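Report on the following structure.
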Amino acid sequence: GEETVSSRQAFDLLDLAQIARREERTRRYFQQATDFRDYAAALDGTEFLARFQDFLKMYGHRANYETDWSLPRFAEDPSPLLFTIASHVRAETCPSSAEVRARREEEAAQVWQAFEDRLSPWQKRFLLPRVRKALDQMKRLYIWRELNRSESVRVAAAMRRYSLTLARRCAERGWIETEQDYYFLLLDEIRPAILNAGAGSDRFRSLVARRRAEQAAWSRLEMPLVMRESELPALIRQATRALPEAAIQRLEGQCISTGWAEGEVVVLHAPTEFARMKPGAILVAPATDPSWTPLFTLATGVIVEIGGVGSHASTVAREYGLPAVANVRDATRLLRTGDRVR
């Protein structure tokens with residue numbers, strides 16, 4: 001049936017992996033390369049490169065943590081996509097997008113039939129049409145939500161090109177140390193400097209240093225599943241807390257996609273670690289967003305610390321027929337890459 005734009009992106013990436021496995025020159029490149037900065041020159045003239053460039057025209061505005069303007073778009077740095085393709089090329093097998101879609105449709109039909117079989121004749125007559133209508137509405141709304149996100153990120157990508165120009169000019173004038181420092185300043189701080197020959201720019205470096213330190217402090221905090229405003233001061237004061245050893249023996253969470261899997265886990269905290277994902281592994285992450293979708297084509301199961309039945313991890317896992325568990329507290333700290341779970 002209908003698919004979200006994020007799912008189509010992952011399926012299109014899977015099709016690219018099939019082309020890469022089929023083309024001898026491309027396959028050899030992905031089997032041997034350790035980074036992909038030279039991919040355009042190395043694969044010039046191949047079907048893969050032509051199709052990959054079409055892919056970037058369609059999805060190049062997206063990115064890891066794509067609502068953050070300070071991070072590069074796939075059109076600027078496609079290495080996360082290329083690492084995912086390389087993982088598929090190096091794997092023993094790689095399912096086609098058609099196979100994954102067919103498996104998903106078959107499993108969905110089985111689940112629906114099992115649901116119908118549990119209903120009484122009265123429920124089938126009066127309740128079933130309402131349930132079907134509600135599910136269709138929810139599906140359409142989720143498809144529209146994902147499309148809206150993609151298009152809003154397209155605007156962010158356009159604004160990023162503008163901000164990159166300003167960042168370069170600020171760095172050239174010595175107001176900031178690196179272009180990336182620009183994203184630690186407020187527009188109200190930058191505007192006077194640009195319009196009035198550097199007015200206030202002498203404060204930029206100290207502001208950047210302070211805000212980088214604040215960001216580092218915030219990144220060390222453990223965010224609760226639910227937080228009230230009154231709890232924020234205590235959260236800010238929080239440092240690290242000891243984890244009970246007994247918790248390591250059994251982890252519990254909420255099932256967000258049915259099924260079961262057993263195997264080694266790969267624990268990833270951020271998109272910068274995507275290259276460590278292994279085909280057939282169980283993905284463990286704090287949470288996922290559309291930038292994580294390509295990894296679902298490599299995984300046999302998903303564990304996330306935060307999420308619900310309407311979350312990205314839940315929806316994509318169901319679309320790919322993967323078992324998934326959410327709200328597994330401290331999963332990324334209790335589990336280590338290479339651990340086996342079931």
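Just remember, in the structure tokens the first chain shown is A, the second B, etc., residues are 1-based per chain, and ligands are 1-based in the order shown.
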task = From the DSSP assignment of the backbone, select every residue of region 63-131 of chain A that is alpha helix (DSSP H), and format the answer as number ranges by chain.
result = A: 79-90, 97-117, 121-126, 128-131
Once you count only C-alpha atoms, what closest atom pair and distance in Å to one decimal does each residue of region 285-324 of chain A within 12 Å of region 268-274 of chain A have, with rows by chain and rising residue number, as CSV?
```
residue,atom,partner,partner_atom,distance
A:Ala285,CA,A:Leu268,CA,5.3
A:Pro286,CA,A:His269,CA,6.3
A:Ala287,CA,A:His269,CA,8.6
A:Thr288,CA,A:Ala270,CA,9.2
A:Asp289,CA,A:Pro271,CA,10.2
A:Pro290,CA,A:Pro271,CA,11.0
A:Ser291,CA,A:Pro271,CA,7.7
A:Trp292,CA,A:Pro271,CA,7.3
A:Thr293,CA,A:Pro271,CA,10.9
A:Pro294,CA,A:Phe274,CA,9.5
A:Leu295,CA,A:Phe274,CA,7.7
A:Phe296,CA,A:Phe274,CA,11.3
A:Leu298,CA,A:Phe274,CA,11.0
A:Val302,CA,A:Leu268,CA,11.3
A:Ile303,CA,A:Leu268,CA,10.6
A:Val304,CA,A:Leu268,CA,10.2
A:Glu305,CA,A:His269,CA,10.8
```
Residues of the last selection are to be written out with C-alpha atoms, as an mmCIF file, in the first residue's frame.
```cif
data_model
loop_
_atom_site.group_PDB
_atom_site.id
_atom_site.type_symbol
_atom_site.label_atom_id
_atom_site.label_comp_id
_atom_site.auth_asym_id
_atom_site.auth_seq_id
_atom_site.Cartn_x
_atom_site.Cartn_y
_atom_site.Cartn_z
ATOM 1 C CA ALA A 285 19.705 3.325 20.296
ATOM 2 C CA PRO A 286 18.432 6.105 22.570
ATOM 3 C CA ALA A 287 15.727 6.888 19.986
ATOM 4 C CA THR A 288 15.464 7.146 16.213
ATOM 5 C CA ASP A 289 14.305 9.679 13.653
ATOM 6 C CA PRO A 290 14.150 9.526 9.830
ATOM 7 C CA SER A 291 17.940 9.758 9.542
ATOM 8 C CA TRP A 292 18.148 6.306 11.194
ATOM 9 C CA THR A 293 15.774 4.666 8.693
ATOM 10 C CA PRO A 294 18.485 3.152 6.427
ATOM 11 C CA LEU A 295 19.807 1.154 9.395
ATOM 12 C CA PHE A 296 16.490 -0.674 9.688
ATOM 13 C CA LEU A 298 20.343 -3.935 8.100
ATOM 14 C CA VAL A 302 15.333 -2.762 17.328
ATOM 15 C CA ILE A 303 15.637 -1.646 20.961
ATOM 16 C CA VAL A 304 15.192 2.025 21.871
ATOM 17 C CA GLU A 305 15.193 3.823 25.192
#
```
task = Compare A:Ser120, A:Gln137, A:Gln31, A:Ser6 by their minimum atom-to-atom distance to Tyr59 (chain A), counting only C-alpha atoms, and give me the closest one.
result =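 Looking at the shortest contact to Tyr59 (chain A), the residue is A:Ser6.
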Among the residues A:Arg130, A:Glu151, A:Arg173, A:Gly321, the one that comes closest to Gln110 (chain A) [using only C-alpha atoms] =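 Of all the options, A:Gly321 lies closest to Gln110 (chain A).
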task = Could you check how far CA of Pro78 (chain A) sits from CA of Val208 (chain A), in Å to one decimal?
result =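 Interatomic distance here is 27.8 Å.
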Residues near Ile282 (chain A), cut-off 12 Å, only C-alpha atoms, skip fewer than 3 positions along chain, as a ChimeraX atom specification = /A:260-268,277-279,285,295-304,317,322-325,335-342
ask   = Which of these, A:Ala197, A:Phe11, A:Val153, A:Thr84, has the shortest distance to Thr67 (chain A) once you count only C-alpha atoms?
value = A:Val153
inquiry  = Report, in Å with one decimal, the straight-line distance from CA of Arg140 (chain A) to CA of Gln123 (chain A).
reply    = 24.4 Å
message = Using only C-alpha atoms, which protein or nucleic acid residues come within 9 Å of region 41-47 of chain A? Drop anything in the same chain fewer than 3 positions from it, and give the result as a PyMOL selection string.
response = chain A and resi 19-20+23+25-26+29+38+50-52
Quick one: write out the picked residues with C-alpha atoms as an mmCIF file, in the first residue's frame?
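The result, stored in again-v4.cif:
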```cif
data_model
loop_
_atom_site.group_PDB
_atom_site.id
_atom_site.type_symbol
_atom_site.label_atom_id
_atom_site.label_comp_id
_atom_site.auth_asym_id
_atom_site.auth_seq_id
_atom_site.Cartn_x
_atom_site.Cartn_y
_atom_site.Cartn_z
ATOM 1 C CA ILE A 19 22.912 -2.160 -8.123
ATOM 2 C CA ALA A 20 26.196 -1.851 -6.227
ATOM 3 C CA GLU A 23 28.117 -3.939 -10.837
ATOM 4 C CA ARG A 25 33.451 -2.148 -10.369
ATOM 5 C CA THR A 26 31.062 -0.658 -7.833
ATOM 6 C CA TYR A 29 34.916 -0.228 -4.551
ATOM 7 C CA ASP A 38 36.468 9.914 -3.658
ATOM 8 C CA ALA A 50 23.964 8.005 -11.967
ATOM 9 C CA ARG A 51 21.235 6.483 -9.798
ATOM 10 C CA PHE A 52 22.848 7.752 -6.592
#
```
